[in-house]
>>> print(open('start-v1.cif').read())   # mmCIF, C-alpha atoms
data_run
loop_
_atom_site.label_atom_id
_atom_site.label_comp_id
_atom_site.auth_asym_id
_atom_site.auth_seq_id
_atom_site.Cartn_x
_atom_site.Cartn_y
_atom_site.Cartn_z
CA MET A 1 0.00 0.00 0.00
CA CYS A 2 2.71 2.29 0.97
CA GLU A 3 4.60 1.76 -2.32
CA ILE A 4 1.48 2.23 -4.45
CA SER A 5 0.60 5.51 -2.82
CA SER A 6 4.08 6.85 -3.39
CA ALA A 7 3.86 5.81 -7.05
CA GLU A 8 0.53 7.59 -7.33
CA GLY A 9 2.13 10.56 -5.76
CA ARG A 10 4.88 10.59 -8.43
CA ILE A 11 2.32 10.39 -11.19
CA LYS A 12 0.31 13.20 -9.65
CA ARG A 13 3.38 15.35 -9.25
CA GLY A 14 4.33 14.64 -12.88
CA VAL A 15 0.94 15.74 -14.10
CA GLU A 16 1.08 18.79 -11.97
CA GLY A 17 4.59 19.49 -13.21
CA SER A 18 3.58 19.36 -16.86
CA ARG A 19 0.64 21.60 -16.10
CA GLY A 20 3.06 23.94 -14.49
CA VAL A 21 5.24 24.08 -17.68
CA GLU A 22 2.17 24.67 -19.79
CA ALA A 23 1.13 27.46 -17.56
CA ARG A 24 4.59 29.04 -17.75
CA MET A 25 4.64 29.33 -21.59
CA TYR A 26 4.40 33.07 -22.03
CA ASP A 27 3.39 34.67 -25.36
CA LYS A 28 2.09 31.35 -26.58
CA ILE A 29 0.18 32.80 -29.53
CA LYS A 30 3.06 34.91 -30.74
CA ILE A 31 5.54 32.03 -30.54
CA ILE A 32 3.35 29.50 -32.33
CA ALA A 33 2.38 32.03 -34.96
CA GLY A 34 6.05 32.88 -35.35
CA ILE A 35 6.97 29.24 -35.84
CA ILE A 36 4.24 28.83 -38.45
CA ILE A 37 5.36 31.94 -40.34
CA PHE A 38 8.97 30.80 -40.10
CA LEU A 39 8.09 27.39 -41.55
CA ILE A 40 6.06 28.95 -44.35
CA ILE A 41 8.98 31.15 -45.34
CA MET A 42 11.62 28.42 -44.94
CA LEU A 43 9.63 25.92 -46.98
CA THR A 44 8.78 28.41 -49.73
CA PRO A 45 10.72 26.43 -52.39
CA PHE A 46 8.62 23.36 -51.62
CA TRP A 47 5.31 25.31 -51.74
CA TYR A 48 6.42 27.04 -54.89
CA ASN A 49 7.41 23.83 -56.64
CA SER A 50 4.32 21.91 -55.59
CA LEU A 51 2.02 24.76 -56.65
CA THR A 52 3.69 25.62 -59.95
CA GLY A 53 4.75 22.07 -60.84
CA LYS A 54 8.28 23.21 -61.66
CA ALA A 55 9.90 20.38 -59.70
CA ALA A 56 8.60 17.93 -62.26
CA TYR A 57 10.48 19.78 -65.00
CA VAL A 58 12.94 17.63 -66.93
CA PRO A 59 15.06 19.24 -69.62
CA GLN A 60 14.11 18.23 -73.16
CA LEU A 61 17.29 17.47 -75.04
CA LYS A 62 17.70 17.76 -78.76
CA ILE A 63 19.90 14.80 -79.59
CA GLY A 64 20.73 16.22 -82.98
CA THR A 65 21.13 12.96 -84.87
CA ASP A 66 19.06 10.11 -86.26
CA ALA A 67 21.70 7.54 -85.30
CA ARG A 68 20.27 4.87 -83.01
CA GLN A 69 23.46 4.20 -81.13
CA CYS A 70 26.13 6.37 -79.52
CA VAL A 71 29.67 5.05 -79.01
CA GLU A 72 28.32 3.13 -76.01
CA ASN A 73 24.71 2.30 -75.09
CA THR A 74 22.43 5.15 -74.10
CA SER A 75 22.08 4.37 -70.41
CA TYR A 76 25.87 4.14 -70.03
CA MET A 77 26.31 7.40 -71.91
CA LYS A 78 23.68 9.13 -69.78
CA SER A 79 25.33 8.29 -66.50
CA ASN A 80 28.99 7.79 -67.47
CA HIS A 81 29.78 10.04 -70.44
CA MET A 82 32.09 12.11 -68.24
CA ASP A 83 34.14 9.03 -67.39
CA LEU A 84 34.34 8.09 -71.04
CA LEU A 85 35.44 11.62 -71.95
CA ASN A 86 38.08 11.49 -69.23
CA LYS A 87 39.36 8.20 -70.62
CA TRP A 88 39.35 9.65 -74.13
CA LYS A 89 41.32 12.65 -72.95
CA GLU A 90 43.97 10.43 -71.32
CA SER A 91 44.02 8.15 -74.33
CA VAL A 92 44.69 10.89 -76.88
CA VAL A 93 46.88 13.26 -74.93
CA ARG A 94 48.97 10.85 -72.94
CA GLU A 95 48.97 7.60 -74.92
CA GLY A 96 48.64 8.98 -78.43
CA MET A 97 45.77 6.57 -79.08
CA ARG A 98 43.14 8.38 -81.13
CA VAL A 99 40.73 5.59 -82.07
CA HIS A 100 37.91 4.24 -79.92
CA LYS A 101 36.65 0.73 -80.55
CA THR A 102 33.08 0.11 -79.44
CA ARG A 103 31.85 -3.18 -78.03
CA ASP A 104 30.37 -4.13 -81.39
CA GLY A 105 33.68 -3.42 -83.12
CA LYS A 106 32.97 -0.03 -84.70
CA LEU A 107 35.83 2.46 -84.80
CA TYR A 108 35.48 6.13 -83.93
CA VAL A 109 38.03 8.92 -83.99
CA ILE A 110 38.36 10.19 -80.44
CA SER A 111 37.43 13.84 -80.60
CA LEU A 112 35.11 15.91 -78.45
CA THR A 113 34.52 18.57 -81.06
CA GLY A 114 34.90 16.30 -84.08
CA THR A 115 33.04 13.12 -83.08
CA CYS A 116 30.73 14.02 -80.17
CA LEU A 117 29.55 17.36 -81.49
CA ASN A 118 29.36 16.04 -85.04
CA CYS A 119 26.28 14.05 -84.03
CA HIS A 120 25.11 16.13 -81.09
CA SER A 121 25.16 19.14 -83.33
CA SER A 122 23.76 21.61 -80.84
CA LYS A 123 25.81 22.10 -77.72
CA ALA A 124 23.22 24.49 -76.30
CA GLN A 125 20.30 22.11 -76.73
CA PHE A 126 22.14 18.96 -75.74
CA CYS A 127 25.10 19.51 -73.41
CA ASP A 128 24.12 22.81 -71.84
CA ARG A 129 20.45 22.07 -71.18
CA CYS A 130 21.19 19.09 -68.99
CA HIS A 131 24.31 20.57 -67.41
CA ASP A 132 22.38 23.69 -66.46
CA TYR A 133 19.58 21.58 -65.00
CA ALA A 134 22.00 19.39 -63.04
CA GLY A 135 24.15 22.30 -61.97
CA ALA A 136 27.20 20.70 -63.60
CA LYS A 137 29.91 23.07 -64.74
CA PRO A 138 32.31 21.13 -66.96
CA GLN A 139 35.43 23.01 -68.01
CA CYS A 140 35.70 21.43 -71.46
CA TRP A 141 34.81 24.61 -73.33
CA ASP A 142 37.34 26.80 -71.56
CA CYS A 143 39.80 25.43 -74.11
CA HIS A 144 37.95 23.27 -76.63
CA ILE A 145 36.24 25.26 -79.32
CA VAL A 146 32.58 24.73 -80.06
CA PRO A 147 32.39 23.96 -83.79
CA ASN A 148 30.79 26.61 -85.98
CA ASN A 149 27.76 24.47 -86.81
CA ALA A 150 27.10 23.82 -83.13
CA VAL A 151 27.36 27.54 -82.41
CA SER A 152 25.01 28.50 -85.24
CA SER A 153 22.31 26.14 -84.04
CA ARG A 154 22.65 27.78 -80.67
CA GLN A 155 21.89 31.11 -82.27
CA GLU A 156 18.88 29.61 -84.01
CA GLU A 157 17.55 28.65 -80.65
CA MET B 158 28.14 -43.83 -51.51
CA LEU B 159 30.85 -41.30 -50.63
CA ASP B 160 33.01 -42.28 -47.77
CA ARG B 161 34.20 -39.72 -45.31
CA ARG B 162 37.69 -39.54 -46.78
CA LYS B 163 36.46 -38.96 -50.33
CA PHE B 164 33.97 -36.33 -49.17
CA LEU B 165 36.67 -34.32 -47.42
CA LYS B 166 38.93 -34.56 -50.47
CA LEU B 167 36.21 -33.31 -52.79
CA THR B 168 35.22 -30.46 -50.48
CA GLY B 169 38.80 -29.36 -50.04
CA SER B 170 39.62 -29.38 -53.75
CA SER B 171 36.43 -27.55 -54.74
CA ILE B 172 37.10 -24.79 -52.18
CA ALA B 173 40.65 -24.54 -53.50
CA GLY B 174 39.29 -24.33 -57.05
CA LEU B 175 36.86 -21.56 -56.13
CA SER B 176 39.52 -19.49 -54.42
CA LEU B 177 41.84 -19.92 -57.40
CA SER B 178 39.68 -17.77 -59.67
CA SER B 179 39.60 -14.91 -57.18
CA ALA B 180 43.36 -15.29 -56.70
CA PHE B 181 43.79 -14.70 -60.44
CA ASN B 182 41.70 -11.54 -60.23
CA ILE B 183 44.13 -10.05 -57.74
CA LEU B 184 46.97 -10.36 -60.26
CA PRO B 185 47.44 -7.33 -62.51
CA LYS B 186 45.24 -7.36 -65.59
CA GLY B 187 47.12 -8.15 -68.73
CA LEU B 188 49.68 -10.34 -67.03
CA PHE B 189 48.28 -13.32 -68.84
CA ALA B 190 46.40 -11.57 -71.62
CA ASN B 191 48.13 -11.26 -74.96
CA THR B 192 47.47 -7.55 -75.37
CA PRO B 193 50.65 -5.72 -76.33
CA LYS B 194 51.05 -2.19 -74.97
CA GLN B 195 49.70 0.33 -77.42
CA LYS B 196 52.50 2.26 -79.05
CA ILE B 197 52.33 5.64 -80.73
CA THR B 198 54.05 4.29 -83.82
CA SER B 199 55.05 0.84 -84.92
CA TYR B 200 58.72 1.66 -84.43
CA ILE B 201 60.12 4.37 -82.24
CA ARG B 202 60.75 7.58 -84.07
CA LYS B 203 62.92 10.38 -82.88
CA TRP B 204 61.73 13.66 -84.23
CA GLY B 205 64.21 16.45 -84.81
CA MET B 206 64.59 19.69 -86.71
CA THR B 207 67.32 21.71 -88.36
CA VAL B 208 67.26 25.49 -88.77
CA ASP B 209 69.42 26.81 -91.61
CA LEU B 210 70.47 30.32 -90.62
CA ASP B 211 71.67 31.28 -94.12
CA ALA B 212 68.51 30.11 -95.82
CA CYS B 213 66.42 31.90 -93.21
CA ALA B 214 68.42 35.11 -93.77
CA LYS B 215 67.50 35.16 -97.47
CA ARG B 216 64.18 36.71 -96.54
CA PRO B 217 64.79 39.40 -93.99
CA GLY B 218 61.71 40.25 -92.00
CA CYS B 219 59.87 37.07 -93.06
CA ARG B 220 57.41 35.88 -90.42
CA ASP B 221 55.72 33.07 -92.33
CA CYS B 222 56.58 30.31 -89.87
CA ILE B 223 55.63 32.40 -86.85
CA ASP B 224 52.31 33.45 -88.34
CA ALA B 225 51.41 29.94 -89.52
CA CYS B 226 52.11 28.52 -86.07
CA ASN B 227 50.23 31.29 -84.30
CA ILE B 228 47.16 30.81 -86.47
CA ILE B 229 46.83 27.03 -86.34
CA HIS B 230 47.55 26.84 -82.61
CA ASN B 231 45.33 29.74 -81.58
CA ILE B 232 48.20 31.64 -80.02
CA PRO B 233 47.02 35.00 -78.69
CA ASP B 234 48.71 38.27 -79.58
CA LEU B 235 49.05 40.06 -76.28
CA GLY B 236 51.31 42.78 -77.62
CA SER B 237 53.52 43.10 -74.57
CA PRO B 238 56.81 41.15 -74.50
CA LYS B 239 56.45 40.54 -70.78
CA GLU B 240 53.22 38.59 -71.09
CA GLU B 241 53.41 37.31 -74.66
CA VAL B 242 52.78 33.69 -75.58
CA LYS B 243 55.24 32.27 -78.08
CA TRP B 244 55.87 28.88 -79.64
CA ILE B 245 58.33 29.88 -82.39
CA TRP B 246 59.91 33.33 -82.46
CA LYS B 247 62.94 35.36 -83.48
CA SER B 248 65.76 36.14 -81.10
CA PRO B 249 69.14 37.88 -81.64
CA TYR B 250 72.15 35.63 -82.23
CA PRO B 251 74.06 36.65 -79.06
CA THR B 252 71.04 35.75 -76.94
CA VAL B 253 70.50 32.41 -78.63
CA PHE B 254 74.14 31.34 -78.80
CA PRO B 255 76.04 33.08 -76.00
CA GLU B 256 78.63 30.28 -76.12
CA HIS B 257 79.17 30.70 -79.88
CA ILE B 258 79.74 34.44 -79.81
CA HIS B 259 83.43 34.00 -80.64
CA ILE B 260 82.71 33.11 -84.30
CA ILE B 261 84.91 35.33 -86.43
CA ASN B 262 84.81 33.62 -89.85
CA ARG B 263 81.10 34.44 -90.10
CA GLU B 264 80.88 37.87 -88.51
CA GLU B 265 77.71 38.73 -90.44
CA ILE B 266 75.78 35.80 -88.96
CA LYS B 267 75.89 37.39 -85.53
CA ASN B 268 73.64 40.18 -86.75
CA LEU B 269 70.93 37.83 -87.96
CA PRO B 270 67.88 37.02 -85.92
CA VAL B 271 67.56 33.29 -85.20
CA MET B 272 64.35 31.27 -85.16
CA VAL B 273 63.93 29.65 -81.77
CA LEU B 274 61.38 27.16 -80.48
CA CYS B 275 61.12 24.38 -77.94
CA ASN B 276 64.18 22.16 -78.38
CA HIS B 277 62.32 18.99 -77.38
CA CYS B 278 65.37 18.03 -75.33
CA ASP B 279 66.39 14.43 -74.92
CA ASN B 280 67.09 15.25 -71.29
CA PRO B 281 64.39 17.78 -70.55
CA PRO B 282 64.75 19.77 -67.32
CA CYS B 283 61.14 20.99 -67.56
CA VAL B 284 59.85 17.41 -67.30
CA LYS B 285 61.92 16.72 -64.20
CA VAL B 286 60.47 19.62 -62.24
CA CYS B 287 56.81 19.27 -63.19
CA PRO B 288 54.96 18.26 -60.00
CA THR B 289 51.84 16.98 -61.78
CA LYS B 290 53.38 15.22 -64.79
CA ALA B 291 51.56 17.68 -66.99
CA THR B 292 54.62 17.72 -69.21
CA TRP B 293 56.48 14.59 -70.22
CA LYS B 294 58.68 13.11 -72.93
CA ARG B 295 56.89 10.90 -75.39
CA GLU B 296 58.50 7.82 -76.87
CA ASP B 297 59.12 9.72 -80.11
CA GLY B 298 60.94 12.47 -78.20
CA ILE B 299 58.24 15.13 -78.31
CA ILE B 300 57.91 17.01 -75.04
CA MET B 301 54.15 17.06 -74.60
CA MET B 302 51.96 19.28 -72.50
CA ASP B 303 48.73 18.07 -70.93
CA TYR B 304 46.88 21.34 -70.38
CA HIS B 305 44.22 19.43 -68.45
CA ARG B 306 46.77 18.64 -65.80
CA CYS B 307 48.84 21.82 -65.69
CA ILE B 308 48.34 23.71 -62.45
CA GLY B 309 50.29 26.76 -63.60
CA CYS B 310 53.09 26.54 -61.03
CA ARG B 311 55.62 27.64 -63.69
CA TYR B 312 58.41 25.42 -62.37
CA CYS B 313 58.97 24.28 -65.95
CA MET B 314 59.42 27.87 -67.08
CA ALA B 315 62.07 28.35 -64.45
CA ALA B 316 63.75 25.09 -65.43
CA CYS B 317 63.80 25.63 -69.20
CA PRO B 318 67.12 27.24 -70.12
CA TYR B 319 65.75 28.37 -73.50
CA GLY B 320 62.71 30.37 -72.41
CA ALA B 321 60.59 28.17 -74.63
CA ARG B 322 57.58 28.17 -72.34
CA SER B 323 54.95 30.86 -71.88
CA PHE B 324 52.40 31.38 -69.18
CA ASN B 325 48.82 32.41 -69.85
CA TRP B 326 48.33 35.41 -67.64
CA PHE B 327 44.99 36.14 -69.31
CA ASP B 328 42.23 34.23 -71.02
CA PRO B 329 43.85 33.78 -74.45
CA ARG B 330 40.49 33.87 -76.22
CA LEU B 331 40.17 37.56 -75.54
CA PHE B 332 43.29 38.20 -77.63
CA LEU B 333 42.62 35.98 -80.63
CA LYS B 334 41.86 37.71 -83.90
CA THR B 335 40.64 34.51 -85.56
CA VAL B 336 39.79 31.21 -83.92
CA TYR B 337 41.15 28.14 -85.66
CA GLN B 338 38.50 25.46 -85.26
CA ASP B 339 40.68 22.36 -85.37
CA PHE B 340 42.84 23.14 -82.35
CA PRO B 341 41.83 24.06 -78.82
CA THR B 342 42.83 27.29 -77.17
CA ARG B 343 44.40 27.26 -73.76
CA THR B 344 42.93 28.71 -70.62
CA LYS B 345 44.13 31.28 -68.14
CA GLY B 346 46.72 29.87 -65.75
CA VAL B 347 48.43 27.17 -67.81
CA VAL B 348 51.88 27.01 -69.36
CA GLU B 349 52.20 26.31 -73.07
CA LYS B 350 54.87 25.72 -75.68
CA CYS B 351 55.64 24.28 -79.11
CA ASN B 352 54.40 20.70 -79.54
CA PHE B 353 56.31 19.96 -82.79
CA CYS B 354 52.85 19.98 -84.41
CA GLU B 355 52.08 16.64 -82.83
CA GLU B 356 48.46 16.94 -84.04
CA ARG B 357 49.71 17.29 -87.64
CA LEU B 358 52.32 14.52 -87.44
CA VAL B 359 49.60 12.05 -86.50
CA ARG B 360 47.84 12.91 -89.76
CA GLY B 361 51.07 12.48 -91.72
CA LEU B 362 51.71 16.21 -92.15
CA LEU B 363 54.88 18.16 -91.49
CA PRO B 364 54.92 20.84 -88.80
CA ALA B 365 53.26 24.02 -90.02
CA CYS B 366 56.40 26.16 -89.73
CA VAL B 367 58.34 23.68 -91.87
CA GLU B 368 55.60 23.48 -94.46
CA VAL B 369 55.22 27.23 -94.99
CA CYS B 370 58.94 28.11 -95.11
CA LYS B 371 59.64 29.17 -98.70
CA GLU B 372 63.43 28.84 -98.32
CA ASN B 373 63.33 25.38 -96.73
CA ALA B 374 65.25 26.85 -93.83
CA LEU B 375 63.44 24.52 -91.47
CA ILE B 376 63.82 20.80 -92.04
CA PHE B 377 61.97 18.27 -89.94
CA GLY B 378 62.33 14.53 -89.79
CA ASP B 379 63.19 11.34 -88.01
CA LEU B 380 66.66 11.38 -86.44
CA ALA B 381 66.47 7.60 -86.06
CA VAL B 382 66.34 7.09 -89.84
CA ILE B 383 69.65 7.24 -91.71
CA ASP B 384 68.37 8.81 -94.94
CA SER B 385 65.76 11.21 -93.58
CA ASP B 386 66.05 14.85 -94.67
CA VAL B 387 67.07 15.96 -91.22
CA THR B 388 69.75 13.28 -90.80
CA LYS B 389 71.19 14.04 -94.25
CA MET B 390 71.34 17.73 -93.42
CA LEU B 391 73.14 17.03 -90.17
CA LYS B 392 75.65 14.80 -91.97
CA GLN B 393 76.40 17.30 -94.72
CA ARG B 394 76.56 20.58 -92.83
CA HIS B 395 78.07 21.90 -89.66
CA SER B 396 75.50 22.21 -86.90
CA ILE B 397 75.37 23.61 -83.41
CA VAL B 398 72.80 23.37 -80.63
CA ARG B 399 71.81 25.85 -77.96
CA LYS B 400 73.67 25.72 -74.65
CA PRO B 401 75.15 22.22 -75.13
CA HIS B 402 77.08 22.46 -71.86
CA LEU B 403 73.82 22.11 -69.94
CA GLY B 404 73.42 18.53 -71.14
CA THR B 405 69.83 18.94 -72.21
CA GLU B 406 70.58 17.41 -75.63
CA PRO B 407 68.37 19.58 -77.81
CA LYS B 408 66.83 18.09 -80.94
CA VAL B 409 66.65 21.39 -82.77
CA PHE B 410 69.95 21.88 -84.58
CA TYR B 411 71.22 25.11 -86.14
CA ILE B 412 73.09 24.89 -89.45
CA LEU B 413 75.86 27.46 -89.83
#
>>> encode(input="start-v1.cif", output="structure tokens")
Amino acid sequence: MCEISSAEGRIKRGVEGSRGVEARMYDKIKIIAGIIIFLIIMLTPFWYNSLTGKAAYVPQLKIGTDARQCVENTSYMKSNHMDLLNKWKESVVREGMRVHKTRDGKLYVISLTGTCLNCHSSKAQFCDRCHDYAGAKPQCWDCHIVPNNAVSSRQEE
Amino acid sequence: MLDRRKFLKLTGSSIAGLSLSSAFNILPKGLFANTPKQKITSYIRKWGMTVDLDACAKRPGCRDCIDACNIIHNIPDLGSPKEEVKWIWKSPYPTVFPEHIHIINREEIKNLPVMVLCNHCDNPPCVKVCPTKATWKREDGIIMMDYHRCIGCRYCMAACPYGARSFNWFDPRLFLKTVYQDFPTRTKGVVEKCNFCEERLVRGLLPACVEVCKENALIFGDLAVIDSDVTKMLKQRHSIVRKPHLGTEPKVFYIL
């Protein structure tokens, strides 16, 4: 009996204690309103995207060629083209090897401006659109020159 | 039925067999494959050049080689000698050959400007100092630059005794009159120099400076071949190199 009553006492004191905290929350309305306003402002990008539907935006790329197959398959090129370009760079500059052999045995001259941009004839509508969307800033074009035809189709756009 | 002894034998050998394949994967690739290392050429060339001072002097003020090189390599014209970018250029004889200033049988030659370019040394000091291996000696002797790797520390410029390297203090594209499509420009903050027209050699063409010279003052060829133009020239005429005492073993020879 003695133990039970003390336990009851603890529970009672706990309840009283929490009531006490609740009672001591000054400026309750202001604080809660402040938190709500803060959350609204902080989460603006989420509201904005869900209301305008901009988050669902995916860049539409103009491939620029009728060819069915790139130097590797499309899914590899989508996710790994930067690795391939790095390998190409090493291959040409450091090993003097300027020919790429695909898995099905086709040969391509390794050249960013000559081979890649020959098919993907618009840098602005192919490379740039996705890079801008993904926030990627490749440094290729600091030195490599965008071929004239790829520049002109940019102007058309 | 398998007896205990046979079972243990089989288990042991199959585990050993399974581990064998992964053991092979640890070994370097190509150790057992019959793929020969890719070479730049089928046999090793050794590119070199001769510069005939007399032939060059036949056309005073000629800049054909300089202009051709500047155009096809997108070399900017910065105008100021302190910041200029140069691959092939003219320099006064006493500056080029301080150790050959004593020549008295050919007094007049000392007044001629001399064409100078990267010597593509056999023992290149620039390659030794490069911390990123952005510059290296190819099998065919060309001292290459990998502009992707250059961090612009300019150690190579300090090491080169011929001043053959230039630093891009500015974005070179701002100073190009025309942009040559088939060759990249450089970017601000990298070192550049003559590449012996490596991009033309691979297509079977001579270096641009050699091709445009109307007096054939520049002769380019394979030093490893006995009857190449450059070897013949070196056999027939007296030649000197720049600063031979430094032991850099230049592969650009000057015919006097």
>>> resolve_selection(input="start-v1.cif", expression="the PyMOL selection byres ((chain B and resi 364-366) around 9)", output="mmCIF file with C-alpha atoms, in the frame of the given file")
data_model
loop_
_atom_site.group_PDB
_atom_site.id
_atom_site.type_symbol
_atom_site.label_atom_id
_atom_site.label_comp_id
_atom_site.auth_asym_id
_atom_site.auth_seq_id
_atom_site.Cartn_x
_atom_site.Cartn_y
_atom_site.Cartn_z
ATOM 1 C CA ASP B 221 55.720 33.070 -92.330
ATOM 2 C CA CYS B 222 56.580 30.310 -89.870
ATOM 3 C CA ILE B 223 55.630 32.400 -86.850
ATOM 4 C CA ASP B 224 52.310 33.450 -88.340
ATOM 5 C CA ALA B 225 51.410 29.940 -89.520
ATOM 6 C CA CYS B 226 52.110 28.520 -86.070
ATOM 7 C CA ILE B 229 46.830 27.030 -86.340
ATOM 8 C CA ILE B 245 58.330 29.880 -82.390
ATOM 9 C CA PHE B 353 56.310 19.960 -82.790
ATOM 10 C CA CYS B 354 52.850 19.980 -84.410
ATOM 11 C CA GLU B 355 52.080 16.640 -82.830
ATOM 12 C CA GLU B 356 48.460 16.940 -84.040
ATOM 13 C CA ARG B 357 49.710 17.290 -87.640
ATOM 14 C CA LEU B 358 52.320 14.520 -87.440
ATOM 15 C CA LEU B 362 51.710 16.210 -92.150
ATOM 16 C CA LEU B 363 54.880 18.160 -91.490
ATOM 17 C CA VAL B 367 58.340 23.680 -91.870
ATOM 18 C CA GLU B 368 55.600 23.480 -94.460
ATOM 19 C CA VAL B 369 55.220 27.230 -94.990
ATOM 20 C CA CYS B 370 58.940 28.110 -95.110
ATOM 21 C CA LEU B 375 63.440 24.520 -91.470
ATOM 22 C CA PHE B 377 61.970 18.270 -89.940
#
>>> atom_distance(input="start-v1.cif", atom1="CA of Lys89 in chain A", atom2="CA of Leu107 in chain A")
16.6 Å
>>> atom_distance(input="start-v1.cif", atom1="CA of Ser396 in chain B", atom2="CA of Val409 in chain B")
9.8 Å
>>> interface_residues(input="start-v1.cif", of="chain A", to="chain B", cutoff="8 Å", atoms="all atoms listed in the file", output="JSON, numbers by chain")
{"A": [93, 94, 95, 96, 97, 142, 143, 144, 145, 146, 147, 148]}
>>> closest_residue(input="start-v1.cif", among="A:Leu61, A:Cys130, A:Val71, A:Ile35", to="Ser111 in chain A", atoms="only C-alpha atoms")
A:Val71
>>> residues_around(input="start-v1.cif", residues="range 113-126 of chain A", least_positions_apart="4", cutoff="12 Å", atoms="only C-alpha atoms", output="CSV table (one decimal) with C-alpha atoms, in the coordinates of the input")
chain,number,residue,atom,x,y,z
A,59,PRO,CA,15.1,19.2,-69.6
A,60,GLN,CA,14.1,18.2,-73.2
A,61,LEU,CA,17.3,17.5,-75.0
A,62,LYS,CA,17.7,17.8,-78.8
A,63,ILE,CA,19.9,14.8,-79.6
A,64,GLY,CA,20.7,16.2,-83.0
A,65,THR,CA,21.1,13.0,-84.9
A,66,ASP,CA,19.1,10.1,-86.3
A,67,ALA,CA,21.7,7.5,-85.3
A,68,ARG,CA,20.3,4.9,-83.0
A,69,GLN,CA,23.5,4.2,-81.1
A,70,CYS,CA,26.1,6.4,-79.5
A,71,VAL,CA,29.7,5.0,-79.0
A,72,GLU,CA,28.3,3.1,-76.0
A,77,MET,CA,26.3,7.4,-71.9
A,78,LYS,CA,23.7,9.1,-69.8
A,81,HIS,CA,29.8,10.0,-70.4
A,84,LEU,CA,34.3,8.1,-71.0
A,85,LEU,CA,35.4,11.6,-72.0
A,88,TRP,CA,39.4,9.6,-74.1
A,98,ARG,CA,43.1,8.4,-81.1
A,99,VAL,CA,40.7,5.6,-82.1
A,100,HIS,CA,37.9,4.2,-79.9
A,107,LEU,CA,35.8,2.5,-84.8
A,108,TYR,CA,35.5,6.1,-83.9
A,109,VAL,CA,38.0,8.9,-84.0
A,130,CYS,CA,21.2,19.1,-69.0
A,131,HIS,CA,24.3,20.6,-67.4
A,132,ASP,CA,22.4,23.7,-66.5
A,133,TYR,CA,19.6,21.6,-65.0
A,140,CYS,CA,35.7,21.4,-71.5
A,141,TRP,CA,34.8,24.6,-73.3
A,143,CYS,CA,39.8,25.4,-74.1
A,144,HIS,CA,38.0,23.3,-76.6
A,145,ILE,CA,36.2,25.3,-79.3
A,146,VAL,CA,32.6,24.7,-80.1
A,147,PRO,CA,32.4,24.0,-83.8
A,148,ASN,CA,30.8,26.6,-86.0
A,149,ASN,CA,27.8,24.5,-86.8
A,150,ALA,CA,27.1,23.8,-83.1
A,151,VAL,CA,27.4,27.5,-82.4
A,152,SER,CA,25.0,28.5,-85.2
A,153,SER,CA,22.3,26.1,-84.0
A,154,ARG,CA,22.6,27.8,-80.7
A,155,GLN,CA,21.9,31.1,-82.3
A,156,GLU,CA,18.9,29.6,-84.0
A,157,GLU,CA,17.6,28.6,-80.6
B,338,GLN,CA,38.5,25.5,-85.3
B,339,ASP,CA,40.7,22.4,-85.4
B,340,PHE,CA,42.8,23.1,-82.4
B,341,PRO,CA,41.8,24.1,-78.8
>>> axis_aligned_box(input="start-v1.cif", around="range 108-123 of chain A", padding_each_side="8 Å", output="lines of an AutoDock Vina configuration file")
center_x = 31.1
center_y = 14.1
center_z = -81.4
size_x = 30.6
size_y = 32.0
size_z = 23.3
>>> residues_around(input="start-v1.cif", residues="Ile397 in chain B", least_positions_apart="3", cutoff="12 Å", atoms="all atoms listed in the file", output="list in words")
Met206, Thr207, Val208, Asp209, Leu210, Val253, Phe254, Glu256, His257, Leu391, Arg394, Lys400, Pro401, His402, Glu406, Pro407, Lys408, Val409, Phe410, Tyr411, Ile412 and Leu413 of chain B
>>> write_last_selection(input="start-v1.cif", atoms="C-alpha atoms", output="compact mmCIF listing (two decimals), in the coordinates of the input")
# COMPACT_ATOMS: atom_id res chain seq x y z
CA MET B 206 64.59 19.69 -86.71
CA THR B 207 67.32 21.71 -88.36
CA VAL B 208 67.26 25.49 -88.77
CA ASP B 209 69.42 26.81 -91.61
CA LEU B 210 70.47 30.32 -90.62
CA VAL B 253 70.50 32.41 -78.63
CA PHE B 254 74.14 31.34 -78.80
CA GLU B 256 78.63 30.28 -76.12
CA HIS B 257 79.17 30.70 -79.88
CA LEU B 391 73.14 17.03 -90.17
CA ARG B 394 76.56 20.58 -92.83
CA LYS B 400 73.67 25.72 -74.65
CA PRO B 401 75.15 22.22 -75.13
CA HIS B 402 77.08 22.46 -71.86
CA GLU B 406 70.58 17.41 -75.63
CA PRO B 407 68.37 19.58 -77.81
CA LYS B 408 66.83 18.09 -80.94
CA VAL B 409 66.65 21.39 -82.77
CA PHE B 410 69.95 21.88 -84.58
CA TYR B 411 71.22 25.11 -86.14
CA ILE B 412 73.09 24.89 -89.45
CA LEU B 413 75.86 27.46 -89.83
>>> atom_distance(input="start-v1.cif", atom1="CA of Val58 in chain A", atom2="CA of Phe46 in chain A")
16.9 Å
>>> residues_near_point(input="start-v1.cif", point="(49.7, 35.0, -80.6)", cutoff="10 Å", atoms="only C-alpha atoms", output="PyMOL selection string")
chain B and resi 223-224+226-228+230-236+241-244+329+332-334
>>> closest_residue(input="start-v1.cif", among="A:Lys137, A:Leu112, A:Ala56, A:Thr74", to="Asn86 in chain A", atoms="all atoms listed in the file")
A:Leu112
